[in-house]
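For reference, the structure is listed below as structure tokens.
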Amino acid sequence: MSHPLDDRKPVLAVLTVEDEWKQFKGNRANFRDIMKTGRDLNFPVYVVTTKDLKLSASRIQGYLFSPEEKAWHKEWCPLPDVIYNRIPLREDERKKAALQKIDECLHHSSIHIYNPFFFNKWRLFDWLKKGHSTKALVPDTKRMLASKSLSAMLRTYQSLYLKPESGKAGKGIMLLQFDASSPMPYRLTIQGQRKKNIVYKTAVLSSLWKRIRKETGKTPYIMQEGISLATFRNRHFDLRVLVQKTGKGVWMVTGVGARLAGLKRITTHVPQGGSVEDPEKLLIPVFGQEMTTILLNRLKSNSLLIAKQLEKGAGYNLGEMSMDLGIDTNGKMWFFEANAKPMKFDEPHIRKKSLERIFHYSHYLSQQSKD
């Protein structure tokens, strides 16, 4: 490899899949940042595809980035000690060849892999409900299987979010509202493309169900009680927390950001018109300075409890995750989702720390024996 190998530093491979040009998929800017951090910290690191990762070979083909040429090159690399899974899409990870390779890594006698799989939304809520300290953070969530159970839940809460079990970036999320006093009591808001919503109203449950099925197709969905979130200038917001394990193998909060929903949008996801903001800017006008400090501390401690509980539920090594939590108008905190392949934080100090922690935790992991 082109950088000095330090005997004490483990070799880290960033795992992805091959693209149609026989190169590799994934966020290249992120991979370049990982490479640069590896160089700065003197860790050997490369990108490898599931196809090239041959665990029984003595060396394998990996991709290295040359800052001088601003280009990626394929080179022979030593077998990794630690594999950091950054396969970008669920459908890539679900393919038989990728699953087989991940399974080989999980069962390898010495090579460690962390964050082997994407999360499934339904399972996350299920795992958190089992935790004594996390169950209070979970909104009432059920699988959406029939119109009867949907109707019963809607009458309990008057407002439900319908979400795909394996969703990404707010895609496919719908808001369902029930107003008994209206001639058209059912109101379904479908988040359309380019900041336009589609609103469907009906008085008939069977018509509503038909419309929902048209939107969801064969995709498994969950239904979740609608939480009345705190708002800033009439837009609701939630908080995104990045938690990672340190060089001691302990969960820590790396950074907290806030996302403000676009005008009249039903989620805060940036691809759906949301914007990234400073948490205090949004919280102080609603809760005041003193309460904001308390809430942010509570947010951090809850995030660590959630991370531990999710890792326990998953039953395999996790080194990082981002999670979305909301604060309702009464100051109560709610968990909405977690992501096993977190997007990068733009704030420079958070970004730097998040990149370094990938290597610190990998170093820790490489020193643990696999039982």
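Each chain in the structure tokens gets a letter, A, B and so on, in the order shown; residues start at 1 in every chain, and ligands are counted from 1 in the order they appear.
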
- Message: as a ChimeraX atom specification, please: every residue in range 158-285 of chain A that DSSP puts in strand (DSSP E or B).
- Response: /A:159-164,174-178,186-191,197-202,221-225,229,231-232,235-245,251-260,275-277

Output as JSON lines one row per residue of range 199-279 of chain A within 10 Å of range 361-367 of chain A: the closest atom pair and its distance in Å to one decimal place, counting only C-alpha atoms, sorted by chain and residue number ascending.
{"residue": "A:Gln244", "atom": "CA", "partner": "A:Tyr361", "partner_atom": "CA", "distance": 8.3}
{"residue": "A:Lys245", "atom": "CA", "partner": "A:Tyr361", "partner_atom": "CA", "distance": 5.8}
{"residue": "A:Thr246", "atom": "CA", "partner": "A:Tyr361", "partner_atom": "CA", "distance": 5.1}
{"residue": "A:Gly247", "atom": "CA", "partner": "A:Tyr361", "partner_atom": "CA", "distance": 4.5}
{"residue": "A:Lys248", "atom": "CA", "partner": "A:Tyr364", "partner_atom": "CA", "distance": 6.2}
{"residue": "A:Gly249", "atom": "CA", "partner": "A:Tyr361", "partner_atom": "CA", "distance": 6.1}
{"residue": "A:Val250", "atom": "CA", "partner": "A:Tyr361", "partner_atom": "CA", "distance": 8.7}
{"residue": "A:Trp251", "atom": "CA", "partner": "A:Tyr361", "partner_atom": "CA", "distance": 9.9}

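As for CA of Leu229 in chain A and CA of Lys332 in chain A, they are spaced 9.3 Å apart.
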
- Contacts of Ala136 in chain A at 10 Å or less, counting only C-alpha atoms, minus same-chain residues fewer than 3 places along, as a PyMOL selection string? chain A and resi 128-129+131-133+139-140+332-335

- Do you know which residues are at most 10 Å from Arg187 in chain A counting only C-alpha atoms, after dropping those on the same chain fewer than 3 positions away, and could you put them as a ChimeraX atom specification? /A:159,175-179,182,184,190,199-203,208

Would you save the residues of that selection, restricted to N, CA, C and O atoms, as a CSV table (one decimal), in the first residue's frame?
chain,number,residue,atom,x,y,z
A,159,SER,N,-54.6,11.2,14.3
A,159,SER,CA,-53.5,11.5,13.3
A,159,SER,C,-52.5,10.4,13.3
A,159,SER,O,-52.0,10.1,14.4
A,175,LEU,N,-49.3,11.2,5.8
A,175,LEU,CA,-50.0,11.6,7.0
A,175,LEU,C,-51.5,11.4,6.9
A,175,LEU,O,-52.1,11.8,5.9
A,176,LEU,N,-52.1,10.7,7.8
A,176,LEU,CA,-53.5,10.4,7.8
A,176,LEU,C,-54.2,11.1,9.0
A,176,LEU,O,-53.7,10.9,10.1
A,177,GLN,N,-55.2,11.9,8.7
A,177,GLN,CA,-55.9,12.6,9.8
A,177,GLN,C,-57.4,12.2,9.8
A,177,GLN,O,-58.0,12.0,8.7
A,178,PHE,N,-58.0,12.3,11.0
A,178,PHE,CA,-59.4,11.9,11.1
A,178,PHE,C,-60.1,13.1,11.9
A,178,PHE,O,-59.7,13.4,13.0
A,179,ASP,N,-61.1,13.6,11.3
A,179,ASP,CA,-61.9,14.7,11.9
A,179,ASP,C,-63.4,14.3,11.9
A,179,ASP,O,-64.0,14.4,10.9
A,182,SER,N,-66.1,16.5,10.4
A,182,SER,CA,-66.1,16.9,9.0
A,182,SER,C,-67.0,16.0,8.1
A,182,SER,O,-67.0,14.8,8.4
A,184,MET,N,-66.2,15.0,5.3
A,184,MET,CA,-65.1,14.1,4.7
A,184,MET,C,-64.1,13.8,5.8
A,184,MET,O,-63.1,14.5,5.9
A,190,ILE,N,-50.2,13.0,1.0
A,190,ILE,CA,-49.2,12.2,0.3
A,190,ILE,C,-48.1,13.2,-0.1
A,190,ILE,O,-48.4,14.2,-0.8
A,199,VAL,N,-53.4,15.8,-1.6
A,199,VAL,CA,-54.3,15.6,-0.4
A,199,VAL,C,-55.6,14.9,-1.0
A,199,VAL,O,-56.2,15.3,-1.9
A,200,TYR,N,-55.9,13.7,-0.3
A,200,TYR,CA,-57.0,12.9,-0.7
A,200,TYR,C,-58.0,12.9,0.5
A,200,TYR,O,-57.6,12.6,1.6
A,201,LYS,N,-59.3,13.3,0.2
A,201,LYS,CA,-60.3,13.3,1.3
A,201,LYS,C,-61.4,12.4,0.9
A,201,LYS,O,-61.8,12.3,-0.2
A,202,THR,N,-61.9,11.7,1.9
A,202,THR,CA,-63.1,10.8,1.7
A,202,THR,C,-63.9,10.6,3.0
A,202,THR,O,-63.3,10.8,4.1
A,203,ALA,N,-65.1,10.1,2.8
A,203,ALA,CA,-65.9,9.8,4.0
A,203,ALA,C,-66.0,8.3,4.2
A,203,ALA,O,-66.5,7.8,5.1
A,208,LEU,N,-60.6,5.0,1.2
A,208,LEU,CA,-59.4,5.4,1.8
A,208,LEU,C,-58.3,4.3,1.7
A,208,LEU,O,-57.2,4.5,1.3

- Task: List the neighbours of Thr141 in chain A out to 8 Å using only C-alpha atoms; skip same-chain residues closer than 4 positions along the sequence, and give me the result as an NGL selection string.
- Result: :A and (125 or 222-225)

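Of the listed residues A:Ala307, A:Val204, A:Leu12, A:Val270, the one whose atoms come nearest to Ser147 in chain A is A:Val204, with distances taken using only C-alpha atoms.
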
- Message: I'd like the neighbourhood of Lys74 in chain A as a PyMOL selection string, where a residue qualifies if any of its atoms comes within 7 Å (using only C-alpha atoms), though same-chain residues fewer than 4 positions away should be ignored.
- Response: chain A and resi 61-64

DSSP alpha helix (DSSP H) residues within range 13-248 of chain A, as a PDB file with N, CA, C and O atoms, in the first residue's frame:
ATOM      1  N   ARG A  28     -18.512   9.036  -2.972  1.00  0.00           N
ATOM      2  CA  ARG A  28     -17.061   9.139  -3.180  1.00  0.00           C
ATOM      3  C   ARG A  28     -16.416  10.232  -2.341  1.00  0.00           C
ATOM      4  O   ARG A  28     -15.289  10.075  -1.882  1.00  0.00           O
ATOM      5  N   ALA A  29     -17.134  11.344  -2.145  1.00  0.00           N
ATOM      6  CA  ALA A  29     -16.582  12.436  -1.324  1.00  0.00           C
ATOM      7  C   ALA A  29     -16.373  11.937   0.104  1.00  0.00           C
ATOM      8  O   ALA A  29     -15.347  12.217   0.740  1.00  0.00           O
ATOM      9  N   ASN A  30     -17.318  11.153   0.594  1.00  0.00           N
ATOM     10  CA  ASN A  30     -17.200  10.585   1.936  1.00  0.00           C
ATOM     11  C   ASN A  30     -16.013   9.614   1.990  1.00  0.00           C
ATOM     12  O   ASN A  30     -15.201   9.645   2.930  1.00  0.00           O
ATOM     13  N   PHE A  31     -15.891   8.774   0.971  1.00  0.00           N
ATOM     14  CA  PHE A  31     -14.776   7.823   0.930  1.00  0.00           C
ATOM     15  C   PHE A  31     -13.426   8.560   0.876  1.00  0.00           C
ATOM     16  O   PHE A  31     -12.459   8.141   1.508  1.00  0.00           O
ATOM     17  N   ARG A  32     -13.377   9.655   0.127  1.00  0.00           N
ATOM     18  CA  ARG A  32     -12.124  10.443   0.060  1.00  0.00           C
ATOM     19  C   ARG A  32     -11.777  11.007   1.442  1.00  0.00           C
ATOM     20  O   ARG A  32     -10.620  10.993   1.856  1.00  0.00           O
ATOM     21  N   ASP A  33     -12.801  11.497   2.152  1.00  0.00           N
ATOM     22  CA  ASP A  33     -12.586  12.026   3.511  1.00  0.00           C
ATOM     23  C   ASP A  33     -12.059  10.934   4.444  1.00  0.00           C
ATOM     24  O   ASP A  33     -11.192  11.177   5.281  1.00  0.00           O
ATOM     25  N   ILE A  34     -12.608   9.724   4.298  1.00  0.00           N
ATOM     26  CA  ILE A  34     -12.154   8.598   5.136  1.00  0.00           C
ATOM     27  C   ILE A  34     -10.688   8.292   4.819  1.00  0.00           C
ATOM     28  O   ILE A  34      -9.870   8.095   5.720  1.00  0.00           O
ATOM     29  N   MET A  35     -10.351   8.275   3.528  1.00  0.00           N
ATOM     30  CA  MET A  35      -8.959   8.017   3.112  1.00  0.00           C
ATOM     31  C   MET A  35      -8.009   9.065   3.698  1.00  0.00           C
ATOM     32  O   MET A  35      -6.939   8.738   4.197  1.00  0.00           O
ATOM     33  N   LYS A  36      -8.414  10.321   3.611  1.00  0.00           N
ATOM     34  CA  LYS A  36      -7.564  11.417   4.100  1.00  0.00           C
ATOM     35  C   LYS A  36      -7.360  11.298   5.617  1.00  0.00           C
ATOM     36  O   LYS A  36      -6.245  11.441   6.124  1.00  0.00           O
ATOM     37  N   THR A  37      -8.450  10.985   6.326  1.00  0.00           N
ATOM     38  CA  THR A  37      -8.345  10.826   7.785  1.00  0.00           C
ATOM     39  C   THR A  37      -7.420   9.664   8.119  1.00  0.00           C
ATOM     40  O   THR A  37      -6.601   9.745   9.035  1.00  0.00           O
ATOM     41  N   GLY A  38      -7.522   8.578   7.345  1.00  0.00           N
ATOM     42  CA  GLY A  38      -6.628   7.423   7.538  1.00  0.00           C
ATOM     43  C   GLY A  38      -5.171   7.828   7.388  1.00  0.00           C
ATOM     44  O   GLY A  38      -4.317   7.461   8.204  1.00  0.00           O
ATOM     45  N   ARG A  39      -4.902   8.628   6.341  1.00  0.00           N
ATOM     46  CA  ARG A  39      -3.525   9.094   6.130  1.00  0.00           C
ATOM     47  C   ARG A  39      -3.067   9.966   7.295  1.00  0.00           C
ATOM     48  O   ARG A  39      -1.969   9.809   7.810  1.00  0.00           O
ATOM     49  N   ASP A  40      -3.934  10.902   7.711  1.00  0.00           N
ATOM     50  CA  ASP A  40      -3.575  11.811   8.816  1.00  0.00           C
ATOM     51  C   ASP A  40      -3.293  11.049  10.108  1.00  0.00           C
ATOM     52  O   ASP A  40      -2.425  11.424  10.880  1.00  0.00           O
ATOM     53  N   LEU A  41      -4.061   9.977  10.347  1.00  0.00           N
ATOM     54  CA  LEU A  41      -3.898   9.220  11.596  1.00  0.00           C
ATOM     55  C   LEU A  41      -2.942   8.037  11.420  1.00  0.00           C
ATOM     56  O   LEU A  41      -2.752   7.249  12.337  1.00  0.00           O
ATOM     57  N   ARG A  90     -30.084  -0.375   0.255  1.00  0.00           N
ATOM     58  CA  ARG A  90     -30.664  -1.609   0.785  1.00  0.00           C
ATOM     59  C   ARG A  90     -30.720  -2.707  -0.273  1.00  0.00           C
ATOM     60  O   ARG A  90     -30.435  -3.860  -0.009  1.00  0.00           O
ATOM     61  N   GLU A  91     -31.124  -2.305  -1.505  1.00  0.00           N
ATOM     62  CA  GLU A  91     -31.279  -3.327  -2.546  1.00  0.00           C
ATOM     63  C   GLU A  91     -29.939  -3.957  -2.932  1.00  0.00           C
ATOM     64  O   GLU A  91     -29.886  -5.111  -3.333  1.00  0.00           O
ATOM     65  N   ASP A  92     -28.829  -3.210  -2.763  1.00  0.00           N
ATOM     66  CA  ASP A  92     -27.501  -3.788  -3.024  1.00  0.00           C
ATOM     67  C   ASP A  92     -27.124  -4.766  -1.913  1.00  0.00           C
ATOM     68  O   ASP A  92     -26.542  -5.812  -2.156  1.00  0.00           O
ATOM     69  N   GLU A  93     -27.458  -4.371  -0.691  1.00  0.00           N
ATOM     70  CA  GLU A  93     -27.089  -5.194   0.463  1.00  0.00           C
ATOM     71  C   GLU A  93     -27.908  -6.493   0.519  1.00  0.00           C
ATOM     72  O   GLU A  93     -27.464  -7.493   1.051  1.00  0.00           O
ATOM     73  N   LYS A  96     -27.912 -11.618  -2.951  1.00  0.00           N
ATOM     74  CA  LYS A  96     -27.379 -12.850  -2.369  1.00  0.00           C
ATOM     75  C   LYS A  96     -25.861 -12.792  -2.171  1.00  0.00           C
ATOM     76  O   LYS A  96     -25.338 -13.166  -1.129  1.00  0.00           O
ATOM     77  N   ALA A  97     -25.147 -12.295  -3.197  1.00  0.00           N
ATOM     78  CA  ALA A  97     -23.677 -12.274  -3.124  1.00  0.00           C
ATOM     79  C   ALA A  97     -23.198 -11.381  -1.986  1.00  0.00           C
ATOM     80  O   ALA A  97     -22.258 -11.726  -1.259  1.00  0.00           O
ATOM     81  N   ALA A  98     -23.866 -10.227  -1.802  1.00  0.00           N
ATOM     82  CA  ALA A  98     -23.470  -9.303  -0.725  1.00  0.00           C
ATOM     83  C   ALA A  98     -23.781  -9.915   0.641  1.00  0.00           C
ATOM     84  O   ALA A  98     -22.948  -9.882   1.555  1.00  0.00           O
ATOM     85  N   LEU A  99     -24.965 -10.499   0.773  1.00  0.00           N
ATOM     86  CA  LEU A  99     -25.348 -11.115   2.052  1.00  0.00           C
ATOM     87  C   LEU A  99     -24.397 -12.248   2.427  1.00  0.00           C
ATOM     88  O   LEU A  99     -24.021 -12.399   3.587  1.00  0.00           O
ATOM     89  N   GLN A 100     -24.013 -13.022   1.421  1.00  0.00           N
ATOM     90  CA  GLN A 100     -23.086 -14.136   1.653  1.00  0.00           C
ATOM     91  C   GLN A 100     -21.738 -13.629   2.172  1.00  0.00           C
ATOM     92  O   GLN A 100     -21.163 -14.180   3.099  1.00  0.00           O
ATOM     93  N   LYS A 101     -21.258 -12.545   1.548  1.00  0.00           N
ATOM     94  CA  LYS A 101     -19.961 -11.981   1.926  1.00  0.00           C
ATOM     95  C   LYS A 101     -20.013 -11.400   3.346  1.00  0.00           C
ATOM     96  O   LYS A 101     -19.095 -11.597   4.149  1.00  0.00           O
ATOM     97  N   ILE A 102     -21.109 -10.700   3.662  1.00  0.00           N
ATOM     98  CA  ILE A 102     -21.258 -10.136   5.012  1.00  0.00           C
ATOM     99  C   ILE A 102     -21.292 -11.270   6.035  1.00  0.00           C
ATOM    100  O   ILE A 102     -20.661 -11.196   7.094  1.00  0.00           O
ATOM    101  N   ASP A 103     -22.002 -12.333   5.694  1.00  0.00           N
ATOM    102  CA  ASP A 103     -22.103 -13.488   6.587  1.00  0.00           C
ATOM    103  C   ASP A 103     -20.724 -14.122   6.825  1.00  0.00           C
ATOM    104  O   ASP A 103     -20.373 -14.468   7.955  1.00  0.00           O
ATOM    105  N   GLU A 104     -19.940 -14.203   5.753  1.00  0.00           N
ATOM    106  CA  GLU A 104     -18.562 -14.729   5.882  1.00  0.00           C
ATOM    107  C   GLU A 104     -17.741 -13.871   6.845  1.00  0.00           C
ATOM    108  O   GLU A 104     -16.980 -14.390   7.653  1.00  0.00           O
ATOM    109  N   CYS A 105     -17.905 -12.551   6.725  1.00  0.00           N
ATOM    110  CA  CYS A 105     -17.166 -11.632   7.610  1.00  0.00           C
ATOM    111  C   CYS A 105     -17.615 -11.812   9.060  1.00  0.00           C
ATOM    112  O   CYS A 105     -16.790 -11.845   9.970  1.00  0.00           O
ATOM    113  N   LEU A 106     -18.925 -11.935   9.250  1.00  0.00           N
ATOM    114  CA  LEU A 106     -19.454 -12.094  10.613  1.00  0.00           C
ATOM    115  C   LEU A 106     -18.917 -13.369  11.263  1.00  0.00           C
ATOM    116  O   LEU A 106     -18.701 -13.416  12.465  1.00  0.00           O
ATOM    117  N   LYS A 121     -37.300  -0.454  10.142  1.00  0.00           N
ATOM    118  CA  LYS A 121     -38.005   0.436  11.077  1.00  0.00           C
ATOM    119  C   LYS A 121     -38.840  -0.318  12.115  1.00  0.00           C
ATOM    120  O   LYS A 121     -38.837   0.014  13.291  1.00  0.00           O
ATOM    121  N   TRP A 122     -39.536  -1.331  11.648  1.00  0.00           N
ATOM    122  CA  TRP A 122     -40.419  -2.063  12.559  1.00  0.00           C
ATOM    123  C   TRP A 122     -39.616  -2.713  13.681  1.00  0.00           C
ATOM    124  O   TRP A 122     -39.968  -2.648  14.843  1.00  0.00           O
ATOM    125  N   ARG A 123     -38.500  -3.328  13.303  1.00  0.00           N
ATOM    126  CA  ARG A 123     -37.680  -4.009  14.317  1.00  0.00           C
ATOM    127  C   ARG A 123     -37.118  -3.029  15.335  1.00  0.00           C
ATOM    128  O   ARG A 123     -37.013  -3.341  16.512  1.00  0.00           O
ATOM    129  N   LEU A 124     -36.739  -1.837  14.870  1.00  0.00           N
ATOM    130  CA  LEU A 124     -36.189  -0.839  15.786  1.00  0.00           C
ATOM    131  C   LEU A 124     -37.168  -0.547  16.917  1.00  0.00           C
ATOM    132  O   LEU A 124     -36.807  -0.534  18.090  1.00  0.00           O
ATOM    133  N   PHE A 125     -38.432  -0.302  16.536  1.00  0.00           N
ATOM    134  CA  PHE A 125     -39.442   0.026  17.552  1.00  0.00           C
ATOM    135  C   PHE A 125     -39.664  -1.150  18.476  1.00  0.00           C
ATOM    136  O   PHE A 125     -39.836  -0.991  19.685  1.00  0.00           O
ATOM    137  N   ASP A 126     -39.631  -2.342  17.891  1.00  0.00           N
ATOM    138  CA  ASP A 126     -39.820  -3.555  18.662  1.00  0.00           C
ATOM    139  C   ASP A 126     -38.710  -3.716  19.706  1.00  0.00           C
ATOM    140  O   ASP A 126     -38.971  -4.008  20.871  1.00  0.00           O
ATOM    141  N   TRP A 127     -37.458  -3.495  19.270  1.00  0.00           N
ATOM    142  CA  TRP A 127     -36.319  -3.617  20.192  1.00  0.00           C
ATOM    143  C   TRP A 127     -36.421  -2.574  21.311  1.00  0.00           C
ATOM    144  O   TRP A 127     -36.127  -2.867  22.466  1.00  0.00           O
ATOM    145  N   LEU A 128     -36.797  -1.346  20.944  1.00  0.00           N
ATOM    146  CA  LEU A 128     -36.842  -0.273  21.947  1.00  0.00           C
ATOM    147  C   LEU A 128     -37.969  -0.481  22.949  1.00  0.00           C
ATOM    148  O   LEU A 128     -37.846  -0.124  24.110  1.00  0.00           O
ATOM    149  N   LYS A 129     -39.059  -1.078  22.494  1.00  0.00           N
ATOM    150  CA  LYS A 129     -40.182  -1.342  23.407  1.00  0.00           C
ATOM    151  C   LYS A 129     -39.793  -2.334  24.493  1.00  0.00           C
ATOM    152  O   LYS A 129     -40.391  -2.375  25.551  1.00  0.00           O
ATOM    153  N   SER A 147     -57.512  -2.522   6.946  1.00  0.00           N
ATOM    154  CA  SER A 147     -58.215  -1.245   7.136  1.00  0.00           C
ATOM    155  C   SER A 147     -58.847  -1.156   8.533  1.00  0.00           C
ATOM    156  O   SER A 147     -58.952  -0.086   9.105  1.00  0.00           O
ATOM    157  N   LYS A 148     -59.245  -2.312   9.089  1.00  0.00           N
ATOM    158  CA  LYS A 148     -59.924  -2.312  10.384  1.00  0.00           C
ATOM    159  C   LYS A 148     -58.993  -1.803  11.495  1.00  0.00           C
ATOM    160  O   LYS A 148     -59.362  -0.945  12.291  1.00  0.00           O
ATOM    161  N   SER A 149     -57.765  -2.333  11.517  1.00  0.00           N
ATOM    162  CA  SER A 149     -56.823  -1.911  12.569  1.00  0.00           C
ATOM    163  C   SER A 149     -56.370  -0.467  12.329  1.00  0.00           C
ATOM    164  O   SER A 149     -56.135   0.290  13.270  1.00  0.00           O
ATOM    165  N   LEU A 150     -56.280  -0.077  11.063  1.00  0.00           N
ATOM    166  CA  LEU A 150     -55.918   1.304  10.737  1.00  0.00           C
ATOM    167  C   LEU A 150     -56.987   2.260  11.268  1.00  0.00           C
ATOM    168  O   LEU A 150     -56.702   3.254  11.920  1.00  0.00           O
ATOM    169  N   SER A 151     -58.246   1.905  11.015  1.00  0.00           N
ATOM    170  CA  SER A 151     -59.370   2.739  11.445  1.00  0.00           C
ATOM    171  C   SER A 151     -59.418   2.848  12.973  1.00  0.00           C
ATOM    172  O   SER A 151     -59.614   3.929  13.532  1.00  0.00           O
ATOM    173  N   ALA A 152     -59.189   1.725  13.664  1.00  0.00           N
ATOM    174  CA  ALA A 152     -59.220   1.724  15.139  1.00  0.00           C
ATOM    175  C   ALA A 152     -58.119   2.632  15.692  1.00  0.00           C
ATOM    176  O   ALA A 152     -58.344   3.428  16.617  1.00  0.00           O
ATOM    177  N   MET A 153     -56.930   2.533  15.101  1.00  0.00           N
ATOM    178  CA  MET A 153     -55.808   3.341  15.585  1.00  0.00           C
ATOM    179  C   MET A 153     -56.044   4.816  15.288  1.00  0.00           C
ATOM    180  O   MET A 153     -55.695   5.698  16.079  1.00  0.00           O
ATOM    181  N   LEU A 154     -56.654   5.094  14.153  1.00  0.00           N
ATOM    182  CA  LEU A 154     -56.926   6.472  13.755  1.00  0.00           C
ATOM    183  C   LEU A 154     -57.943   7.129  14.694  1.00  0.00           C
ATOM    184  O   LEU A 154     -57.841   8.315  15.009  1.00  0.00           O
ATOM    185  N   ARG A 155     -58.904   6.349  15.153  1.00  0.00           N
ATOM    186  CA  ARG A 155     -59.896   6.899  16.086  1.00  0.00           C
ATOM    187  C   ARG A 155     -59.268   7.175  17.454  1.00  0.00           C
ATOM    188  O   ARG A 155     -59.706   8.047  18.179  1.00  0.00           O
ATOM    189  N   THR A 156     -58.224   6.405  17.777  1.00  0.00           N
ATOM    190  CA  THR A 156     -57.528   6.647  19.053  1.00  0.00           C
ATOM    191  C   THR A 156     -56.712   7.930  18.996  1.00  0.00           C
ATOM    192  O   THR A 156     -56.698   8.719  19.918  1.00  0.00           O
ATOM    193  N   TYR A 157     -55.997   8.138  17.889  1.00  0.00           N
ATOM    194  CA  TYR A 157     -55.023   9.239  17.839  1.00  0.00           C
ATOM    195  C   TYR A 157     -55.398  10.408  16.927  1.00  0.00           C
ATOM    196  O   TYR A 157     -54.752  11.447  16.973  1.00  0.00           O
ATOM    197  N   LEU A 205     -64.257   4.570   4.472  1.00  0.00           N
ATOM    198  CA  LEU A 205     -63.027   3.879   4.870  1.00  0.00           C
ATOM    199  C   LEU A 205     -62.489   2.988   3.745  1.00  0.00           C
ATOM    200  O   LEU A 205     -61.288   2.970   3.487  1.00  0.00           O
ATOM    201  N   SER A 206     -63.372   2.292   3.058  1.00  0.00           N
ATOM    202  CA  SER A 206     -62.890   1.368   2.008  1.00  0.00           C
ATOM    203  C   SER A 206     -62.207   2.135   0.868  1.00  0.00           C
ATOM    204  O   SER A 206     -61.224   1.665   0.295  1.00  0.00           O
ATOM    205  N   SER A 207     -62.721   3.330   0.559  1.00  0.00           N
ATOM    206  CA  SER A 207     -62.078   4.142  -0.493  1.00  0.00           C
ATOM    207  C   SER A 207     -60.709   4.612  -0.024  1.00  0.00           C
ATOM    208  O   SER A 207     -59.743   4.644  -0.797  1.00  0.00           O
ATOM    209  N   LEU A 208     -60.637   4.988   1.246  1.00  0.00           N
ATOM    210  CA  LEU A 208     -59.366   5.429   1.823  1.00  0.00           C
ATOM    211  C   LEU A 208     -58.335   4.302   1.734  1.00  0.00           C
ATOM    212  O   LEU A 208     -57.201   4.504   1.287  1.00  0.00           O
ATOM    213  N   TRP A 209     -58.760   3.118   2.149  1.00  0.00           N
ATOM    214  CA  TRP A 209     -57.858   1.962   2.164  1.00  0.00           C
ATOM    215  C   TRP A 209     -57.364   1.638   0.750  1.00  0.00           C
ATOM    216  O   TRP A 209     -56.183   1.349   0.538  1.00  0.00           O
ATOM    217  N   LYS A 210     -58.269   1.742  -0.215  1.00  0.00           N
ATOM    218  CA  LYS A 210     -57.922   1.483  -1.612  1.00  0.00           C
ATOM    219  C   LYS A 210     -56.846   2.469  -2.084  1.00  0.00           C
ATOM    220  O   LYS A 210     -55.877   2.097  -2.749  1.00  0.00           O
ATOM    221  N   ARG A 211     -57.029   3.742  -1.691  1.00  0.00           N
ATOM    222  CA  ARG A 211     -56.066   4.775  -2.094  1.00  0.00           C
ATOM    223  C   ARG A 211     -54.707   4.537  -1.437  1.00  0.00           C
ATOM    224  O   ARG A 211     -53.650   4.681  -2.047  1.00  0.00           O
ATOM    225  N   ILE A 212     -54.730   4.150  -0.165  1.00  0.00           N
ATOM    226  CA  ILE A 212     -53.472   3.867   0.555  1.00  0.00           C
ATOM    227  C   ILE A 212     -52.752   2.687  -0.108  1.00  0.00           C
ATOM    228  O   ILE A 212     -51.550   2.735  -0.342  1.00  0.00           O
ATOM    229  N   ARG A 213     -53.534   1.641  -0.438  1.00  0.00           N
ATOM    230  CA  ARG A 213     -52.917   0.465  -1.069  1.00  0.00           C
ATOM    231  C   ARG A 213     -52.309   0.822  -2.430  1.00  0.00           C
ATOM    232  O   ARG A 213     -51.280   0.282  -2.833  1.00  0.00           O
ATOM    233  N   LYS A 214     -52.954   1.750  -3.123  1.00  0.00           N
ATOM    234  CA  LYS A 214     -52.441   2.187  -4.425  1.00  0.00           C
ATOM    235  C   LYS A 214     -51.058   2.838  -4.233  1.00  0.00           C
ATOM    236  O   LYS A 214     -50.143   2.652  -5.029  1.00  0.00           O
ATOM    237  N   GLU A 215     -50.921   3.611  -3.148  1.00  0.00           N
ATOM    238  CA  GLU A 215     -49.645   4.289  -2.868  1.00  0.00           C
ATOM    239  C   GLU A 215     -48.577   3.318  -2.391  1.00  0.00           C
ATOM    240  O   GLU A 215     -47.412   3.450  -2.737  1.00  0.00           O
ATOM    241  N   THR A 216     -48.975   2.358  -1.552  1.00  0.00           N
ATOM    242  CA  THR A 216     -47.967   1.505  -0.911  1.00  0.00           C
ATOM    243  C   THR A 216     -47.561   0.304  -1.766  1.00  0.00           C
ATOM    244  O   THR A 216     -46.460  -0.209  -1.622  1.00  0.00           O
TER     245      THR A 216
END

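The smallest atom-to-atom distance between Pro220 in chain A and any of A:Thr134, A:Asn317, A:Ser181, A:Ser166, using only C-alpha atoms, is found for A:Ser166.
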
- Task: List the neighbours of Met252 in chain A out to 12 Å using only C-alpha atoms; skip same-chain residues closer than 5 positions along the sequence, and give me the result as a list in words.
- Result: Val241, Leu242, Val243, Gln244, Lys245, Thr246, Gly247, Lys300, Ser301, Asn302, Ser303, Leu304, Leu305, Ile306, Ala307, Lys308, Gly319, Glu320, Met321, Ser322, Lys353, Ser354, Arg357 and Tyr361 of chain A

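Distances from A:Thr254, A:Asn234, A:Lys171, A:Asn42 to Lys352 in chain A were compared using only C-alpha atoms, and the smallest one belongs to A:Thr254.
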
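The interatomic distance for the pair CA of Arg235 in chain A and CA of Asn297 in chain A works out to 23.4 Å.
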
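With only C-alpha atoms as the atoms that count, the residue of A:Pro116, A:Met174, A:Ile87, A:Gly257 with the shortest distance to Leu188 in chain A is A:Met174.
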